[in-house]
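Inspection log for the structure reproduced underneath, given as structure tokens.
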Amino acid sequence: MSMLQLLQTNVLTGRTAKPRGRILPYVLSLPALLVCVAILVPFVTAAVYSLQRYRLNLPYLRGFVGLDNYIDFLSDPAFWNTLRISLVYTALTVALELLLGLAIALLLRRPTRFHNAVSIILLLPLMTAPAIAALMWKLMTNPGFGILSYLVGLFGITDFKWASDPSTALFTVVLVDIWVYTPFIMILLLAGLRSLPRQPFEAAALDGVPASFVFFRITLPMLAPYIITASLFRLLDSIQQFDIIYAMTQGGPGDRLMVFQVQSYLEFFQYTNVGRSAALLMILWLITNILSNIFIKHWLRLRARAHRQA
Amino acid sequence: MDHGSLAGRIFRGVALALILVFFMFPIVWILLMSFQTNEQILRIPPRILFEPTLANYEALISGQLRTAAGNLEISFMHNLWNSFVLSSLAVVLALVLGVPAAYAFARYKFKLGETIAFTLLSFRFAPPLLVLLPLSLYYQELGLNDTYVGIVWVYQLIALPLILWIVRGYFEDISPDIEHAYRLAGHSWREAFTHIAVPLAGPGIAAAALLSFIFCWNNFVFALILASADKQPVTVGALAFVTASGIQYGQIAAAIVLSVMPTLLLALYAQRYLVEGLSLGAVKG
């Protein structure tokens, strides 16, 4: 609960004092509270499941086993594979999307009509359902007729199997992730860039400061809060990626793309091992919870600032 | 950076062109595929000029797909309808639940309010399967599996945080003095809420509703777990469609186009609000 206290003090700073409500605010937020309970009950259930030996196909074996599910992971290569793939996938997607998104935002920085039109067009991939985006790329990388397979063939790479080859599967799903989510980073950084005060840049231009110095010493530091927000947003989504990978390969070929959520989905529905699936998700939750604690702190600060400016 | 030399301008132009090609090509290509027959699609090298056909769309709309193995009945239009029903109901419910709560969070200081707001926010970032898998077991017992009600309820996980946090920001930007003046004139709290606060926050509410609709429509994993073929939205339906054997590629492309068209059009319509919605108001658009 320390997180909540932290957040409460954070969100209230810089705001005008609000009246203390008596009954009305409670009545108004009752439905939202209900939804919270509806989320928290399954969440607690999952936590309990993770401490049980619980298989849907062997219900009579069900029982409390303490931390056994977790301890089993330590010696389980499949778990370490999942952890590794998830982290590599997250690192690759966030880093590449950040670089590309920043580059595009810088290119589109001046608010001309053309730049604005481009930034709107670039939103379309982001508004495509990720699962459907994966299907689009699946059609384009089909070995028989896929346009991308044909195009790499023109460069003499004839046997490129994209997502169905273990050595290129990760590359392919990362590419789809970049296609979908780079515009997210771009649009946040573009909003950030355009909201920066002008004086430092004008002064630097007057003094003839070189562009690289302006970029690394003025632009980047001033943009840092936006970069952090955008990356943390993406980090939290990316480590939980399910749609793109499931729609593309269902975690395959083999266990090449068994990220956390795909693995726990299969653990639940294919192997009907509820306890293990829940334990896996609890570990993922722990990772995301640590990240989101950091994230929400930054985010609230930025949000308060954005609202003061508006 | 801004005052480019000729070389700099050319570089920027080429870079922008490459970026546009990378991000637009898949959409354009799938759109083109959706107007091609199987023979045209399988032709090597692929051609950009071809005689367009509407056969793929006709087959999807009539639900009668000719395949190598004979006629196949697939009600893709039903998936489309499901997406529409599920997303719309979810947004309406989220507005009914969320707008009054957002108002309460913006206007009153109460501990429970902050707790609710942050619980919802932190679960926006939690793994969805963590809630979904136990929920699917509960749903089985409650008989909510594979019902619109059950799915609309879990869609609140997507729509409600979005509406709460965006609309709350809009309410906070409206000075409470206007409402106080209105209340002093003898109007009730409810009148102040419906006649002053909601209309003033109207654009924000509309933006939040549009974005929630898009995100509900694009959701995949909730319905994958909780819905069978009869209640599946397009995201899950399209995947089933691809894996069903013998379906023509042009028809898959047409199904993809029909699935993404509504959200893409809505996004273009609501683009002004996208930045704010995507960042939950952290960066004002």
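Please note that chains go A, B, ... in the order of the structure tokens, that every chain numbers its residues from 1, and that ligands are numbered from 1 in the order shown.
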Quick one: everything within 10 Å of Leu93 (chain B), counting only C-alpha atoms, minus sequence neighbours fewer than 6 positions away in the same chain. Send it as a tab-separated table (two decimals) with C-alpha atoms, in the first residue's frame.
chain	number	residue	atom	x	y	z
B	87	SER	CA	-17.61	-2.41	-28.21
B	152	VAL	CA	-18.92	-6.42	-21.97
B	153	TRP	CA	-18.14	-6.64	-18.27
B	155	TYR	CA	-14.20	-4.85	-21.49
B	156	GLN	CA	-14.65	-2.41	-18.60
B	159	ALA	CA	-12.78	1.29	-21.27
B	160	LEU	CA	-13.22	2.37	-17.66
task: For Ile61 (chain B), list every protein, DNA or RNA residue within 12 Å, evaluated using only C-alpha atoms, and leave out those in the same chain fewer than 5 positions away; present the list as number ranges by chain.
output: B: 54-56, 73-81, 251, 254-255, 258
Can you write just those residues out, C-alpha atoms, as a compact mmCIF listing (two decimals), in the first residue's frame?
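Output file out_22.txt is given in full below:
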# COMPACT_ATOMS: atom_id res chain seq x y z
CA LEU B 54 -15.40 -7.50 -55.64
CA ALA B 55 -15.85 -11.26 -55.40
CA ASN B 56 -14.01 -11.52 -52.06
CA GLU B 73 -20.33 -21.26 -44.56
CA ILE B 74 -18.52 -18.71 -42.48
CA SER B 75 -20.43 -15.89 -40.91
CA PHE B 76 -17.69 -13.32 -40.83
CA MET B 77 -20.31 -10.59 -40.93
CA HIS B 78 -21.57 -11.99 -37.65
CA ASN B 79 -18.11 -11.42 -36.13
CA LEU B 80 -18.26 -7.86 -37.39
CA TRP B 81 -21.67 -7.44 -35.78
CA GLN B 251 -10.96 -13.36 -48.82
CA ALA B 254 -10.94 -8.63 -47.47
CA ALA B 255 -11.77 -9.84 -43.95
CA LEU B 258 -13.37 -5.04 -43.04
task: Give me, as a list of chain:residue names, the contact residues of chain B against chain A at a cut-off of 6 Å, counting only C-alpha atoms.
output: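 On the chain B side, the interface is B:Leu42, B:Leu97, B:Pro100, B:Ala101, B:Ala104, B:Tyr108, B:Lys109, B:Ala126, B:Leu130, B:Val131, B:Pro134, B:Leu135, B:Asn218, B:Val260, B:Ala282, B:Val283, B:Lys284.
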query: Per DSSP on the backbone, what are the helix (DSSP H, G or I) residues of region 18-164 of chain A, as a PyMOL selection string?
result: chain A and resi 24-49+59-61+68-74+77-107+113-121+123-127+130-140+147-154+162-164
message: Between CA of Met24 (chain B) and CA of Gly277 (chain B), what distance in Å does the model show, to one decimal?
response: 22.8 Å
field: Shell around region 154-160 of chain A at 12 Å using only C-alpha atoms, local window under 6 positions removed, as a list of chain:residue names
entry: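 In the requested format, the answer is A:Thr141, A:Asn142, A:Pro143, A:Gly144, A:Gly146, A:Ile147, A:Leu148, A:Pro166, A:Ser167, A:Thr168, A:Ala169, A:Phe171, A:Thr172, B:Ile44, B:Pro45.
When only C-alpha atoms are used to measure the gap to Leu278 (chain B), the shortest distance among A:Ile185, A:Val152, A:Ala78, A:Met222 belongs to A:Ile185.
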message: Would you compute the distance between CA of Ala163 (chain A) and CA of Val221 (chain B)? Give it in Å to one decimal.
response: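 Atom-to-atom, CA of Ala163 (chain A) and CA of Val221 (chain B) are spaced 20.6 Å apart.
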message: Considering only C-alpha atoms, can you say which of B:Phe222, B:Phe171, B:Phe50, B:Phe193 comes closest to Arg107 (chain B)?
response: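 The shortest atom-to-atom distance to Arg107 (chain B) comes from B:Phe171.
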field: Residue list (strand (DSSP E or B), DSSP) for region 20-201 of chain B, as a PyMOL selection string
entry: chain B and resi 64-67+70-73
How about saving the chosen residues, N, CA and C atoms kept, as a PDB file, in the first residue's frame?
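Generated file (out.pdb):
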ATOM      1  N   GLN B  64     -21.043 -17.192 -47.998  1.00  0.00           N
ATOM      2  CA  GLN B  64     -20.804 -18.439 -48.737  1.00  0.00           C
ATOM      3  C   GLN B  64     -19.422 -18.389 -49.366  1.00  0.00           C
ATOM      4  N   LEU B  65     -18.485 -19.148 -48.816  1.00  0.00           N
ATOM      5  CA  LEU B  65     -17.129 -19.111 -49.350  1.00  0.00           C
ATOM      6  C   LEU B  65     -16.877 -20.361 -50.176  1.00  0.00           C
ATOM      7  N   ARG B  66     -16.539 -20.146 -51.450  1.00  0.00           N
ATOM      8  CA  ARG B  66     -16.161 -21.292 -52.271  1.00  0.00           C
ATOM      9  C   ARG B  66     -14.715 -21.626 -51.968  1.00  0.00           C
ATOM     10  N   THR B  67     -14.451 -22.866 -51.639  1.00  0.00           N
ATOM     11  CA  THR B  67     -13.069 -23.274 -51.396  1.00  0.00           C
ATOM     12  C   THR B  67     -12.796 -24.506 -52.246  1.00  0.00           C
ATOM     13  N   GLY B  70     -15.037 -27.313 -51.460  1.00  0.00           N
ATOM     14  CA  GLY B  70     -16.483 -27.143 -51.576  1.00  0.00           C
ATOM     15  C   GLY B  70     -16.937 -25.883 -50.886  1.00  0.00           C
ATOM     16  N   ASN B  71     -18.232 -25.749 -50.736  1.00  0.00           N
ATOM     17  CA  ASN B  71     -18.766 -24.539 -50.126  1.00  0.00           C
ATOM     18  C   ASN B  71     -18.573 -24.549 -48.615  1.00  0.00           C
ATOM     19  N   LEU B  72     -18.207 -23.377 -48.105  1.00  0.00           N
ATOM     20  CA  LEU B  72     -17.979 -23.286 -46.675  1.00  0.00           C
ATOM     21  C   LEU B  72     -18.810 -22.126 -46.160  1.00  0.00           C
ATOM     22  N   GLU B  73     -19.542 -22.363 -45.102  1.00  0.00           N
ATOM     23  CA  GLU B  73     -20.327 -21.257 -44.562  1.00  0.00           C
ATOM     24  C   GLU B  73     -19.590 -20.637 -43.402  1.00  0.00           C
TER      25      GLU B  73
END
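Closest approach to Gly251 (chain A) among A:Ile71, A:Leu223, A:Leu232, A:Leu266: A:Leu266, based on only C-alpha atoms.
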message: What's around Gln52 (chain A) at 8 Å? Count only C-alpha atoms, leave out sequence neighbours fewer than 6 positions away in its own chain, and write the answer as a PyMOL selection string.
response: chain A and resi 62-66+69+275
Residues of the last selection are to be written out with N, CA and C atoms, as a CSV table (one decimal), in the first residue's frame.
chain,number,residue,atom,x,y,z
A,62,ARG,N,-5.8,-31.7,-6.3
A,62,ARG,CA,-5.7,-30.3,-5.9
A,62,ARG,C,-5.3,-30.1,-4.4
A,63,GLY,N,-4.4,-29.3,-4.2
A,63,GLY,CA,-4.0,-29.0,-2.8
A,63,GLY,C,-3.0,-27.9,-2.7
A,64,PHE,N,-2.9,-27.4,-1.4
A,64,PHE,CA,-1.9,-26.3,-1.2
A,64,PHE,C,-0.5,-26.9,-1.2
A,65,VAL,N,0.4,-26.2,-2.0
A,65,VAL,CA,1.8,-26.7,-2.0
A,65,VAL,C,2.8,-25.6,-1.7
A,66,GLY,N,2.3,-24.5,-1.1
A,66,GLY,CA,3.2,-23.4,-0.8
A,66,GLY,C,3.8,-22.8,-2.0
A,69,ASN,N,5.3,-24.3,-6.8
A,69,ASN,CA,5.2,-23.9,-8.2
A,69,ASN,C,6.4,-22.9,-8.6
A,275,GLY,N,-2.2,-24.0,-11.6
A,275,GLY,CA,-1.3,-23.6,-10.6
A,275,GLY,C,-0.1,-23.0,-11.2
- prompt: With only C-alpha atoms as the basis for distance, which of B:Leu18, B:Leu157, B:Leu60, B:Leu95 is at the shortest distance from Gly202 (chain B)?
  reply: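 Result for the nearest residue to Gly202 (chain B): B:Leu95.
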query: Hey, what's within 8 Å of Phe105 (chain B) if we count only C-alpha atoms and toss same-chain stuff fewer than 5 positions away? As an MDAnalysis selection string, please?
result: (chainID A and resid 25) or (chainID B and resid 110 113:114 117 168)
message: Residues within 7 Å of Phe35 (chain B), please, as a list in words. Count only C-alpha atoms; anything in the same chain fewer than 2 positions from it doesn't count.
response: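 In the requested format, the answer is Leu32, Met33, Thr37, Pro52, Thr53, Leu54, Asn56 and Gly250 of chain B.
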Could you save the residues just selected, with C-alpha atoms, as a PDB file, in the first residue's frame?
ATOM      1  CA  LEU B  32      -4.993  -4.256 -53.021  1.00  0.00           C
ATOM      2  CA  MET B  33      -5.008  -7.982 -52.242  1.00  0.00           C
ATOM      3  CA  THR B  37      -8.631 -13.286 -57.212  1.00  0.00           C
ATOM      4  CA  PRO B  52     -10.099  -5.514 -59.503  1.00  0.00           C
ATOM      5  CA  THR B  53     -12.840  -7.852 -58.384  1.00  0.00           C
ATOM      6  CA  LEU B  54     -15.403  -7.502 -55.642  1.00  0.00           C
ATOM      7  CA  ASN B  56     -14.014 -11.515 -52.058  1.00  0.00           C
ATOM      8  CA  GLY B 250      -8.133 -12.588 -51.211  1.00  0.00           C
TER       9      GLY B 250
END
